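Here is the structure we will look at.
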Amino acid sequence: MRKILIVAFFIFFPRSVLYSQEITQTIKGKVYDSETQIGLPGATIVILGSDPLIGVSTDTDGFFKIENVTVGRVNLQVSYVGYERCFISELLVSSGKEIVLNIPIQESVATLKEVVVKHELQKEKPLNSMATLSARTFSVEEAQRFAGGFDDPSRLASSFAGVTPSTVDNNEIVIRGNAAKGILWRLEGTEIPAPNHLAGLFSGGGIITMFSSNMLANSDFFTGAFPAEYGNALSGVFDINLRTGNYDTREYAIQIGSYGVDFAAEGPFMEGKQATYLFNYRYSTFGILKAFLPQVTGLPDFTDLSVKLNFPTSKAGTFSLWSINGLGKIAFEPEEDSTRWKTNYDNYHYDIHYDLTASGINHRKVLGKRSYVFSTISFSATRYINKNSYLRPSLLEIPVSDQNEINSRFVLSSYLNHKFSSRHSNKTGFKISRIAFNYDVEANTDVATKDTVDFFVADKGSSASVQFYSQSKYFINEKLNINAGLHFLFFTLNNTYSIEPRLGVNWKFLPNHTFSFAYGKHSRIEPLRIYLMEVLMPGGWETLNKEVEITKAHHLVLGYDWRINNFTHLKIEPYYQSLYDVPVIPDSSFSMINYNNEMFFSNQLTNNGTGRNIGIDITFERFLKDGYYYMFTASVFDSRYEGGDNIERNSRYNQNFVCNLLGGKEWKVRKNNIFSLNGKFTILGGKRYAPVDVEKSTACQFVIYDNSRIYQEQSPTNYYLDISVNYRINRPKCAHAIILQVKNLLMQRDFLGHAYNYETNTVEPYEITIMYPYLSYKIEF
């Protein structure tokens, strides 16, 4: 008996010690002036609530390190004489990775006496100090925590006010009634194509973002009236930043989940040096499944690789090299036995590929004590292949499309940021882009009645755009500030241009109440092939649309923000957007407002189209505190357009309303571990579509819409419920994270259009039900 007790003691005692011992981690980083990027020596960083108080000061370059911080949630306060205090709340400290923070703080415009007043926590405040309204920052931790986020920036953004999600199976989003093609994607300060797997299939949206959250740093998301530095965008901006690798510790992460298998690594190239590397490789789970079950078709298969290398120097500034690369495909083989077809969606054969590469070299150099210059050279390219055919019940194969498209962009950009005083800072810069396309397509524009292709294009071309901007932020006093700027976009192909003033005003008229106003003129160049594509006309090949102008829009936003307390706020934003110079086909309902990548036309376009989006966005949010958070967002909007026939209609994206209620609660388990439960409930207006011409559809056994009444009908309202269960286990020198998310728990049927039912010989709504479970296991060490 004594021997048994001794053995039991040695078996269970180490485990009990493991659970009871204090597991700690290191928090480190740099504190710097938000405008000049210069490190601030002597800044104080303390962990609020620690007893005794834990804190350090930054060194001569602004770097700091706090060791032996207990894992869990911590709150930091950063202070520096003459600067506003900065608070970082509910920072998640884990045993698997050191916390590396870059903390910009702003010089105070108040008197020294007023500086000591407690500064408000503004967790949603965008990183870009020139932003006035319709902007917020998002973090990796939110992408992992929010239900339905799937570690994906686009899916995370669908929870924000003003954003309408597409369907369960893709991450396409609509911002304030605008098509996804109007979104500007920026990565590391330069424009890139939409970085989503199979983005060509969903007009900008896709299966998932091509870079893992392992690479993501805090980033900004804009829904309108954005600052002057953002050009060639009509609806919104994703301004994505990649993390810099840990500069003195090598760390690794392995993740296995429903989407894919990830491996990430980071650290210094040499110990004691500041040069770092960070990379992530991912291969899709569906690709692995298809390797073992080759008979399975219709599942997306993708792989991606992301890299960031950082090289600080003592005199020449900091150089960084970054690259994201993704390959994706999806294919479906229909049954050869036509008696097994239920609808005509069962007899499409398709093979679709979307590949992307984007790489760049950045350089940041501090000039004196008040300025820095940032420059980028980048190259990006996409390849989209869509081979599509249709089998009639007789098994006659009808070609639909054979599309091969390559688009590329080379960008040189630079800006100078100068801080004139604590009240006034300015950013002035330029961007030169060379854009090119190579387009080869054969298409059947009337699959219902034609057996052969009738649209042929094999063309390529190139052009360039030049952008120049200057913007300033000026504090009249500590309660009133103005953001003002000017953006200039010149399209060299046809010498069209757009001069775009931007203005924003923030007025804190009461201690916890802020009124804001923002105006911006914005514009967007259409896909280059729209301008340069040659089409076959009776007199031969002609370039019909070279003189088409840039689509433009005026955007006005009002804002009211009530800071109820330091962690809860209410924000209300009514807005109005007027679009003009929209390319349309004369005497037709067609407008580029509703365009997607699968539309083929050989018509001449004119800039007579218009559109308008009007609505109101509401956000009521409690940030994570005391273990729980919640957020309610609601958007009510009306989106209209006029095509070439001058008739006002609902736009394709006029779903009228969307409401989100999300929240979560987390508990500390066994002292060092964290368990959390999160949920999201969405109510979304139905999609717009044209009525079905039943008589013609029945005669052809193929769905034919009455486009004279396009977007007149609306599908039923959708109700979605997503949940997320997260469990983080902290162990000495490593951490484990287990995440289970279920999207569409209510089994909501997604409306995708209509289909001809061979069994009933009728046209019926085509709806799919996808309840997508996302299970992920991750180890960090």
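Residue numbering restarts at 1 for every chain of the structure tokens, chains are lettered A, B, ... in their displayed order, and ligands are numbered from 1 as they appear.
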ask   = What residues in region 237-411 of chain A get the DSSP label helix (DSSP H, G or I)? Please answer as a list in words.
value =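 Secondary structure check on region 237-411 of chain A, helix (DSSP H, G or I): Thr285, Phe286, Gly287, Ile288, Leu289, Lys290, Ala291, Phe292, Ser338, Thr339 and Arg340 of chain A.
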- request: Output as a ChimeraX atom specification all residues of region 659-758 of chain A that backbone DSSP marks as strand (DSSP E).
  value: /A:659-669,673-684,688-689,713-714,718-731,734-743,749-757
Give me, as CSV, each residue of region 244-273 of chain A that comes within 9 Å of region 759-775 of chain A, together with its shortest interatomic pair and the distance in Å at one decimal, counting only C-alpha atoms, with rows ordered by chain and rising residue number.
```
residue,atom,partner,partner_atom,distance
A:Ile256,CA,A:Leu775,CA,8.3
A:Gly257,CA,A:Leu775,CA,5.3
A:Ser258,CA,A:Tyr774,CA,5.3
A:Tyr259,CA,A:Tyr774,CA,7.4
```
In terms of the shortest atom-to-atom distance over only C-alpha atoms, which of A:Gly328, A:Gly29, A:Pro227, A:Gly753 is closest to Gly245 (chain A)?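 Nearest candidate to Gly245 (chain A) out of A:Gly328, A:Gly29, A:Pro227, A:Gly753: A:Gly29.
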Using only C-alpha atoms, tabulate the residues of region 643-693 of chain A lying at most 6 Å from any atom of region 126-149 of chain A, each with its closest atom pair and that distance in Å to one decimal, by chain and increasing residue number, as a Markdown table.
```
| residue | atom | partner | partner_atom | distance |
| --- | --- | --- | --- | --- |
| A:Asn678 | CA | A:Ala147 | CA | 5.6 |
| A:Gly679 | CA | A:Ala147 | CA | 5.3 |
| A:Lys680 | CA | A:Ala147 | CA | 5.7 |
```
For the residues selected in the previous step, produce a file with C-alpha atoms as a PDB file, in the first residue's frame.
```pdb
ATOM      1  CA  ASN A 678     -19.008  33.629 -28.336  1.00  0.00           C
ATOM      2  CA  GLY A 679     -22.070  34.087 -30.502  1.00  0.00           C
ATOM      3  CA  LYS A 680     -23.406  36.179 -33.368  1.00  0.00           C
TER       4      LYS A 680
END
```
Counting only C-alpha atoms, closest pick from A:Asn608, A:Gln77, A:Gln274, A:Ser212 relative to Phe63 (chain A) is A:Gln274
Residue with the minimum atom-to-atom distance to Ser213 (chain A), picked from A:Leu242, A:Ile27, A:Val93, A:Leu48 with only C-alpha atoms counted, is A:Leu242
If we count only C-alpha atoms, what is near Ser320 (chain A) at a cut-off of 8 Å, once residues fewer than 3 positions away on the same chain are taken out, given as a compact mmCIF listing (two decimals) with all heavy atoms, in the first residue's frame?
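The resulting file, selection.txt, is shown below:
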```txt
# COMPACT_ATOMS: atom_id res chain seq x y z
N LYS A 308 7.42 38.02 -44.55
CA LYS A 308 7.87 39.38 -44.29
C LYS A 308 9.25 39.33 -43.66
O LYS A 308 9.45 38.65 -42.65
CB LYS A 308 6.91 40.15 -43.38
CG LYS A 308 7.36 41.60 -43.19
CD LYS A 308 6.39 42.43 -42.39
CE LYS A 308 6.88 43.87 -42.26
NZ LYS A 308 5.95 44.71 -41.46
N LEU A 309 10.19 40.04 -44.28
CA LEU A 309 11.55 40.16 -43.78
C LEU A 309 11.79 41.62 -43.43
O LEU A 309 11.45 42.51 -44.21
CB LEU A 309 12.56 39.70 -44.83
CG LEU A 309 12.30 38.34 -45.50
CD1 LEU A 309 13.36 38.05 -46.55
CD2 LEU A 309 12.25 37.22 -44.46
N ASN A 310 12.40 41.87 -42.28
CA ASN A 310 12.61 43.24 -41.81
C ASN A 310 14.08 43.47 -41.51
O ASN A 310 14.72 42.67 -40.81
CB ASN A 310 11.77 43.48 -40.55
CG ASN A 310 11.53 44.94 -40.28
OD1 ASN A 310 10.99 45.66 -41.10
ND2 ASN A 310 11.93 45.41 -39.11
N PHE A 311 14.65 44.58 -42.04
CA PHE A 311 16.07 44.85 -41.90
C PHE A 311 16.30 46.30 -41.43
O PHE A 311 16.44 47.21 -42.26
CB PHE A 311 16.79 44.63 -43.23
CG PHE A 311 16.63 43.25 -43.80
CD1 PHE A 311 15.65 43.00 -44.75
CD2 PHE A 311 17.43 42.20 -43.36
CE1 PHE A 311 15.49 41.73 -45.29
CE2 PHE A 311 17.28 40.94 -43.89
CZ PHE A 311 16.30 40.69 -44.84
N ILE A 361 8.99 45.91 -51.73
CA ILE A 361 10.09 46.33 -50.87
C ILE A 361 9.73 47.70 -50.31
O ILE A 361 9.44 48.64 -51.07
CB ILE A 361 11.42 46.41 -51.65
CG1 ILE A 361 11.79 45.04 -52.22
CG2 ILE A 361 12.54 46.93 -50.76
CD1 ILE A 361 13.02 45.06 -53.12
N ASN A 362 9.72 47.81 -48.99
CA ASN A 362 9.41 49.07 -48.32
C ASN A 362 10.65 49.65 -47.68
O ASN A 362 11.56 48.92 -47.26
CB ASN A 362 8.35 48.85 -47.22
CG ASN A 362 7.00 48.44 -47.77
OD1 ASN A 362 6.82 48.36 -48.98
ND2 ASN A 362 6.06 48.19 -46.88
N HIS A 363 10.68 50.98 -47.60
CA HIS A 363 11.79 51.66 -46.94
C HIS A 363 11.23 52.81 -46.12
O HIS A 363 10.44 53.62 -46.61
CB HIS A 363 12.79 52.19 -47.97
CG HIS A 363 13.89 53.00 -47.35
ND1 HIS A 363 14.06 54.36 -47.61
CD2 HIS A 363 14.87 52.67 -46.47
CE1 HIS A 363 15.09 54.81 -46.93
NE2 HIS A 363 15.60 53.82 -46.22
```
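With only C-alpha atoms as the atoms that count, the minimum distance from Thr70 (chain A) to the choices A:Gly224, A:Asn673, A:Asp587, A:Lys665 is reached by A:Asn673.
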